[in-house]
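Pasting start22.cif here (mmCIF, C-alpha atoms, pLDDT in the B column; chains and numbers go by the auth columns):
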```
data_model
#
loop_
_atom_site.group_PDB
_atom_site.id
_atom_site.type_symbol
_atom_site.label_atom_id
_atom_site.label_comp_id
_atom_site.label_asym_id
_atom_site.label_seq_id
_atom_site.Cartn_x
_atom_site.Cartn_y
_atom_site.Cartn_z
_atom_site.B_iso_or_equiv
_atom_site.auth_seq_id
_atom_site.auth_asym_id
ATOM 1 C CA MET A 1 0.000 0.000 0.000 54.00 10 A
ATOM 2 C CA ASP A 2 2.876 2.382 0.749 72.00 11 A
ATOM 3 C CA THR A 3 4.423 2.028 -2.670 82.00 12 A
ATOM 4 C CA LEU A 4 1.038 2.601 -4.311 87.00 13 A
ATOM 5 C CA VAL A 5 0.699 6.000 -2.652 91.00 14 A
ATOM 6 C CA LEU A 6 4.330 6.860 -3.356 92.00 15 A
ATOM 7 C CA ARG A 7 4.031 5.844 -6.998 92.00 16 A
ATOM 8 C CA LEU A 8 0.875 7.931 -7.385 94.00 17 A
ATOM 9 C CA PHE A 9 2.647 10.895 -5.793 94.00 18 A
ATOM 10 C CA ALA A 10 5.734 10.416 -7.983 94.00 19 A
ATOM 11 C CA THR A 11 3.553 10.102 -11.076 94.00 20 A
ATOM 12 C CA SER A 12 1.714 13.317 -10.270 95.00 21 A
ATOM 13 C CA LEU A 13 5.007 15.168 -9.673 95.00 22 A
ATOM 14 C CA LEU A 14 6.501 13.825 -12.900 95.00 23 A
ATOM 15 C CA VAL A 15 3.413 14.763 -14.927 95.00 24 A
ATOM 16 C CA LEU A 16 3.365 18.202 -13.292 94.00 25 A
ATOM 17 C CA THR A 17 7.032 18.725 -14.151 92.00 26 A
ATOM 18 C CA ALA A 18 6.551 17.636 -17.754 92.00 27 A
ATOM 19 C CA CYS A 19 3.471 19.838 -18.180 91.00 28 A
ATOM 20 C CA LEU A 20 5.064 22.904 -16.569 89.00 29 A
ATOM 21 C CA VAL A 21 8.062 22.628 -18.873 87.00 30 A
ATOM 22 C CA ALA A 22 6.209 21.647 -22.047 87.00 31 A
ATOM 23 C CA PHE A 23 3.485 24.296 -21.838 85.00 32 A
ATOM 24 C CA ASP A 24 5.714 27.134 -20.682 74.00 33 A
ATOM 25 C CA SER A 25 6.479 29.827 -23.222 65.00 34 A
ATOM 26 C CA GLN A 26 6.902 33.563 -23.296 68.00 35 A
ATOM 27 C CA THR A 27 6.890 35.914 -26.270 64.00 36 A
ATOM 28 C CA LYS A 28 8.819 39.188 -26.398 65.00 37 A
ATOM 29 C CA LEU A 29 8.999 41.931 -28.983 65.00 38 A
ATOM 30 C CA LEU A 30 12.613 42.709 -29.853 68.00 39 A
ATOM 31 C CA PHE A 31 13.801 45.634 -31.985 71.00 40 A
ATOM 32 C CA TYR A 32 10.289 46.936 -32.748 72.00 41 A
ATOM 33 C CA SER A 33 9.431 44.249 -35.300 74.00 42 A
ATOM 34 C CA ILE A 34 11.180 41.011 -34.377 72.00 43 A
ATOM 35 C CA VAL A 35 9.137 38.706 -32.193 71.00 44 A
ATOM 36 C CA ARG A 36 11.026 36.056 -30.217 69.00 45 A
ATOM 37 C CA LYS A 37 9.327 33.229 -28.342 68.00 46 A
ATOM 38 C CA ALA A 38 11.101 31.307 -25.574 69.00 47 A
ATOM 39 C CA SER A 39 9.987 27.713 -25.100 69.00 48 A
ATOM 40 C CA PHE A 40 11.398 24.425 -23.837 70.00 49 A
ATOM 41 C CA ARG A 41 12.515 23.552 -27.365 69.00 50 A
ATOM 42 C CA ASP A 42 15.212 26.233 -27.166 73.00 51 A
ATOM 43 C CA LEU A 43 17.222 24.106 -24.734 76.00 52 A
ATOM 44 C CA ASN A 44 17.739 20.435 -25.581 82.00 53 A
ATOM 45 C CA ALA A 45 18.023 19.497 -21.900 84.00 54 A
ATOM 46 C CA LEU A 46 14.478 20.739 -21.299 85.00 55 A
ATOM 47 C CA SER A 47 13.172 18.712 -24.238 88.00 56 A
ATOM 48 C CA ILE A 48 14.851 15.614 -22.853 92.00 57 A
ATOM 49 C CA LEU A 49 13.432 16.395 -19.412 92.00 58 A
ATOM 50 C CA VAL A 50 9.894 16.391 -20.814 92.00 59 A
ATOM 51 C CA TRP A 51 10.418 13.015 -22.507 95.00 60 A
ATOM 52 C CA VAL A 52 12.169 11.394 -19.532 95.00 61 A
ATOM 53 C CA ASP A 53 9.589 12.598 -17.013 95.00 62 A
ATOM 54 C CA SER A 54 6.747 11.458 -19.253 95.00 63 A
ATOM 55 C CA ALA A 55 8.329 8.023 -19.679 96.00 64 A
ATOM 56 C CA ALA A 56 8.978 7.743 -15.929 96.00 65 A
ATOM 57 C CA ALA A 57 5.362 8.650 -15.182 96.00 66 A
ATOM 58 C CA ALA A 58 4.185 5.991 -17.640 96.00 67 A
ATOM 59 C CA TYR A 59 6.524 3.467 -16.006 95.00 68 A
ATOM 60 C CA ASN A 60 5.041 4.236 -12.587 94.00 69 A
ATOM 61 C CA VAL A 61 1.509 3.799 -13.945 95.00 70 A
ATOM 62 C CA LEU A 62 2.516 0.425 -15.405 93.00 71 A
ATOM 63 C CA GLN A 63 4.022 -0.595 -12.063 91.00 72 A
ATOM 64 C CA ILE A 64 0.811 0.399 -10.278 91.00 73 A
ATOM 65 C CA LEU A 65 -1.199 -1.722 -12.706 91.00 74 A
ATOM 66 C CA ARG A 66 1.210 -4.629 -12.313 87.00 75 A
ATOM 67 C CA SER A 67 0.975 -4.484 -8.521 84.00 76 A
ATOM 68 C CA ARG A 68 -2.836 -4.492 -8.688 85.00 77 A
ATOM 69 C CA LEU A 69 -3.056 -7.331 -11.235 85.00 78 A
ATOM 70 C CA PHE A 70 -0.190 -9.488 -9.911 78.00 79 A
ATOM 71 C CA PRO A 71 0.344 -8.731 -6.215 75.00 80 A
ATOM 72 C CA GLN A 72 2.684 -11.699 -5.596 76.00 81 A
ATOM 73 C CA MET A 73 6.168 -11.368 -7.062 70.00 82 A
ATOM 74 C CA ASP A 74 8.625 -14.156 -7.692 72.00 83 A
ATOM 75 C CA LYS A 75 12.371 -13.695 -7.335 72.00 84 A
ATOM 76 C CA ASN A 76 13.043 -12.894 -11.014 74.00 85 A
ATOM 77 C CA LEU A 77 10.263 -10.337 -11.269 79.00 86 A
ATOM 78 C CA ALA A 78 11.420 -8.730 -8.011 78.00 87 A
ATOM 79 C CA TRP A 79 14.967 -8.368 -9.368 82.00 88 A
ATOM 80 C CA PHE A 80 13.656 -6.926 -12.641 86.00 89 A
ATOM 81 C CA GLY A 81 11.451 -4.435 -10.785 85.00 90 A
ATOM 82 C CA TYR A 82 14.329 -3.449 -8.523 87.00 91 A
ATOM 83 C CA PHE A 83 16.671 -2.764 -11.451 92.00 92 A
ATOM 84 C CA LEU A 84 13.994 -0.819 -13.329 92.00 93 A
ATOM 85 C CA ASP A 85 13.186 1.281 -10.251 92.00 94 A
ATOM 86 C CA GLN A 86 16.884 2.066 -9.846 93.00 95 A
ATOM 87 C CA ALA A 87 17.302 2.930 -13.519 95.00 96 A
ATOM 88 C CA VAL A 88 14.243 5.195 -13.610 95.00 97 A
ATOM 89 C CA ALA A 89 15.281 7.005 -10.419 95.00 98 A
ATOM 90 C CA TYR A 90 18.770 7.669 -11.778 95.00 99 A
ATOM 91 C CA LEU A 91 17.467 8.652 -15.200 96.00 100 A
ATOM 92 C CA VAL A 92 15.018 11.177 -13.744 96.00 101 A
ATOM 93 C CA PHE A 93 17.777 12.612 -11.546 96.00 102 A
ATOM 94 C CA ALA A 94 20.169 12.868 -14.511 95.00 103 A
ATOM 95 C CA ALA A 95 17.586 14.592 -16.715 95.00 104 A
ATOM 96 C CA ASN A 96 16.714 17.089 -13.978 94.00 105 A
ATOM 97 C CA SER A 97 20.391 17.790 -13.303 94.00 106 A
ATOM 98 C CA ALA A 98 21.114 18.366 -17.000 92.00 107 A
ATOM 99 C CA ALA A 99 18.137 20.705 -17.251 91.00 108 A
ATOM 100 C CA LEU A 100 19.296 22.556 -14.136 91.00 109 A
ATOM 101 C CA GLN A 101 22.761 23.034 -15.621 88.00 110 A
ATOM 102 C CA GLY A 102 21.262 24.421 -18.815 82.00 111 A
ATOM 103 C CA CYS A 103 19.068 26.747 -16.803 80.00 112 A
ATOM 104 C CA VAL A 104 22.071 27.999 -14.827 81.00 113 A
ATOM 105 C CA PHE A 105 23.608 29.055 -18.139 74.00 114 A
ATOM 106 C CA ALA A 106 20.319 30.754 -19.049 70.00 115 A
ATOM 107 C CA VAL A 107 20.349 32.711 -15.776 71.00 116 A
ATOM 108 C CA SER A 108 24.014 33.666 -15.628 70.00 117 A
ATOM 109 C CA GLY A 109 25.118 33.487 -19.251 64.00 118 A
ATOM 110 C CA GLN A 110 28.547 32.309 -20.332 61.00 119 A
ATOM 111 C CA SER A 111 30.636 35.028 -21.929 59.00 120 A
ATOM 112 C CA ASN A 112 33.448 32.628 -22.916 59.00 121 A
ATOM 113 C CA PHE A 113 31.051 30.798 -25.240 51.00 122 A
ATOM 114 C CA GLY A 114 29.118 33.876 -26.326 50.00 123 A
ATOM 115 C CA TRP A 115 25.927 32.822 -24.528 56.00 124 A
ATOM 116 C CA MET A 116 23.856 35.714 -23.264 56.00 125 A
ATOM 117 C CA LYS A 117 21.654 35.820 -20.216 65.00 126 A
ATOM 118 C CA VAL A 118 18.173 34.709 -21.233 69.00 127 A
ATOM 119 C CA CYS A 119 16.338 35.127 -17.952 69.00 128 A
ATOM 120 C CA ASP A 120 16.797 38.909 -18.007 70.00 129 A
ATOM 121 C CA ARG A 121 14.338 39.057 -20.911 75.00 130 A
ATOM 122 C CA TYR A 122 12.101 36.042 -20.186 76.00 131 A
ATOM 123 C CA THR A 123 11.637 36.206 -16.421 77.00 132 A
ATOM 124 C CA ARG A 124 8.209 34.527 -16.236 80.00 133 A
ATOM 125 C CA PHE A 125 9.447 31.675 -18.406 79.00 134 A
ATOM 126 C CA CYS A 126 12.496 31.141 -16.195 80.00 135 A
ATOM 127 C CA ILE A 127 10.493 31.298 -12.964 84.00 136 A
ATOM 128 C CA GLN A 128 8.098 28.640 -14.226 87.00 137 A
ATOM 129 C CA ILE A 129 10.978 26.415 -15.347 85.00 138 A
ATOM 130 C CA GLY A 130 12.525 26.842 -11.895 87.00 139 A
ATOM 131 C CA GLY A 131 9.277 25.686 -10.286 90.00 140 A
ATOM 132 C CA ALA A 132 9.159 22.724 -12.636 91.00 141 A
ATOM 133 C CA LEU A 133 12.710 21.756 -11.676 92.00 142 A
ATOM 134 C CA MET A 134 11.775 21.859 -7.985 94.00 143 A
ATOM 135 C CA CYS A 135 8.878 19.490 -8.724 94.00 144 A
ATOM 136 C CA GLY A 136 11.272 17.311 -10.699 94.00 145 A
ATOM 137 C CA TYR A 137 13.728 17.043 -7.815 96.00 146 A
ATOM 138 C CA ALA A 138 10.861 16.245 -5.434 96.00 147 A
ATOM 139 C CA ALA A 139 9.923 13.436 -7.835 95.00 148 A
ATOM 140 C CA CYS A 140 13.559 12.269 -7.706 95.00 149 A
ATOM 141 C CA LEU A 141 13.373 12.015 -3.925 95.00 150 A
ATOM 142 C CA VAL A 142 10.123 10.062 -4.080 95.00 151 A
ATOM 143 C CA MET A 143 11.590 7.755 -6.722 94.00 152 A
ATOM 144 C CA ALA A 144 14.617 7.152 -4.452 94.00 153 A
ATOM 145 C CA VAL A 145 12.274 6.123 -1.624 93.00 154 A
ATOM 146 C CA ILE A 146 10.364 3.842 -4.006 92.00 155 A
ATOM 147 C CA SER A 147 13.648 2.287 -5.096 91.00 156 A
ATOM 148 C CA SER A 148 14.618 1.705 -1.463 90.00 157 A
ATOM 149 C CA LEU A 149 11.293 0.015 -0.774 89.00 158 A
ATOM 150 C CA SER A 150 11.784 -2.086 -3.902 86.00 159 A
ATOM 151 C CA ALA A 151 15.193 -3.178 -2.595 84.00 160 A
ATOM 152 C CA TYR A 152 13.652 -4.040 0.774 83.00 161 A
ATOM 153 C CA GLY A 153 10.923 -6.071 -0.914 79.00 162 A
ATOM 154 C CA LEU A 154 13.514 -7.938 -2.952 77.00 163 A
ATOM 155 C CA PHE A 155 16.016 -8.712 -0.213 74.00 164 A
ATOM 156 C CA ARG A 156 13.443 -9.834 2.312 74.00 165 A
ATOM 157 C CA LEU A 157 12.875 -12.836 0.036 69.00 166 A
ATOM 158 C CA TYR A 158 16.401 -14.033 0.916 66.00 167 A
ATOM 159 C CA SER A 159 17.661 -15.710 4.064 59.00 168 A
ATOM 160 C CA PRO A 160 19.545 -13.470 6.508 63.00 169 A
ATOM 161 C CA LYS A 161 21.905 -16.337 7.466 63.00 170 A
ATOM 162 C CA HIS A 162 22.840 -17.712 4.031 60.00 171 A
ATOM 163 C CA PHE A 163 24.220 -15.535 1.266 56.00 172 A
ATOM 164 C CA LEU A 164 21.702 -15.161 -1.618 58.00 173 A
ATOM 165 C CA GLN A 165 19.631 -18.174 -0.684 60.00 174 A
ATOM 166 C CA LEU A 166 15.872 -17.853 -0.736 61.00 175 A
ATOM 167 C CA LYS A 167 13.976 -18.275 2.500 60.00 176 A
ATOM 168 C CA HIS A 168 12.110 -21.524 2.892 58.00 177 A
ATOM 169 C CA GLN A 169 8.410 -21.050 2.290 53.00 178 A
#
```
Represent the supplied structure as structure tokens.
Amino acid sequence: MDTLVLRLFATSLLVLTACLVAFDSQTKLLFYSIVRKASFRDLNALSILVWVDSAAAAYNVLQILRSRLFPQMDKNLAWFGYFLDQAVAYLVFAANSAALQGCVFAVSGQSNFGWMKVCDRYTRFCIQIGGALMCGYAACLVMAVISSLSAYGLFRLYSPKHFLQLKHQ
């Protein structure tokens, strides 16, 4: 029951992050006639973040369905679930960290590479992306807890006295 609630919470945070990033845009008029629109497609890390968070949310929904349809897990399925939970948690963390690094360049600029500060012109866009990244890191924390519970569920199948031997049923 605990993982069900955590997976629902993680799914809602992941969907919220993906929606905040994907639907965020701001349009500015530059030089009297040039219109420039800032969106998540301007930074590849934000595009990847949308895809990774959407895939992680779908994975959590599939895990919820699996736990409702097949509540008992054998050893092989428990190992597979454990590895997938680990991989998804790390993937979500990596995508959020890459997006954060790109956003740091958008806030501060990088004169050595000729990158200008973007958030001076598109403040609402940057604030909303910052909120999305906070939701994304909250989802990372929840996914880490889910992964820990998955590890606990896996290793409680094994005997505490004999290395990697299943408990007798």
Requested in this report: Taking the file as shown, find all residues satisfying the PyMOL selection byres ((chain A and resi 158) around 12) and write them as a ChimeraX atom specification.
Outcome: /A:10-13,15-16,87,90-91,94-95,151-157,159-165
Requested in this report: Give the answer as one residue: which of A:Cys149, A:Val101, A:Ala66, A:Ile73 has the shortest atom-to-atom distance to Ser21 in chain A, using only C-alpha atoms?
Outcome: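 Comparing A:Cys149, A:Val101, A:Ala66, A:Ile73 against Ser21 in chain A, the winner is A:Ala66.
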Query raised in the report: Quick one: of A:Ala98, A:Val116, A:Ile43, A:Ala65, who's nearest to Thr26 in chain A, counting all atoms listed in the file?
Result: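 The answer is A:Ala65, which sits nearest to Thr26 in chain A.
Residues surrounding Gly140 in chain A within 9 Å are Thr26, Leu29, Cys135, Ile136, Cys144 and Gly145 of chain A [only C-alpha atoms; sequence separation below 4 positions excluded].
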Query raised in the report: At what distance in Å, to one decimal, does CA of Trp60 in chain A lie from CA of Val30 in chain A?
Result: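 It comes out at 10.5 Å.
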Query raised in the report: Just how far from CA of Gln110 in chain A is CA of Tyr146 in chain A, in Å to one decimal?
Result: 13.4 Å
Query raised in the report: Suppose you want the space between CA of Leu109 in chain A and CA of Ala31 in chain A; what is it in Å?
Result: 15.3 Å
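The nearest approach to Ala19 in chain A among the residues A:Val97, A:Ala108, A:Leu74, A:Leu58, with all atoms listed in the file taken into account, belongs to A:Val97.
For the residues A:Leu23, A:Asp33, A:Lys84, A:Leu142, ranking by smallest atom-to-atom distance to Asp51 in chain A using all atoms listed in the file places A:Asp33 first.
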Report task. Rank nothing, just name the residue among A:Ile138, A:Leu86, A:Leu25, A:Val44 nearest to Asp62 in chain A, using all atoms listed in the file. Result ->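 Looking only at the distances to Asp62 in chain A, the closest residue turns out to be A:Leu25.
If only C-alpha atoms are the atoms counted, then among A:Ala148, A:Ala104, A:Val24, A:Ala67 the closest residue to Asn53 in chain A is A:Ala104.
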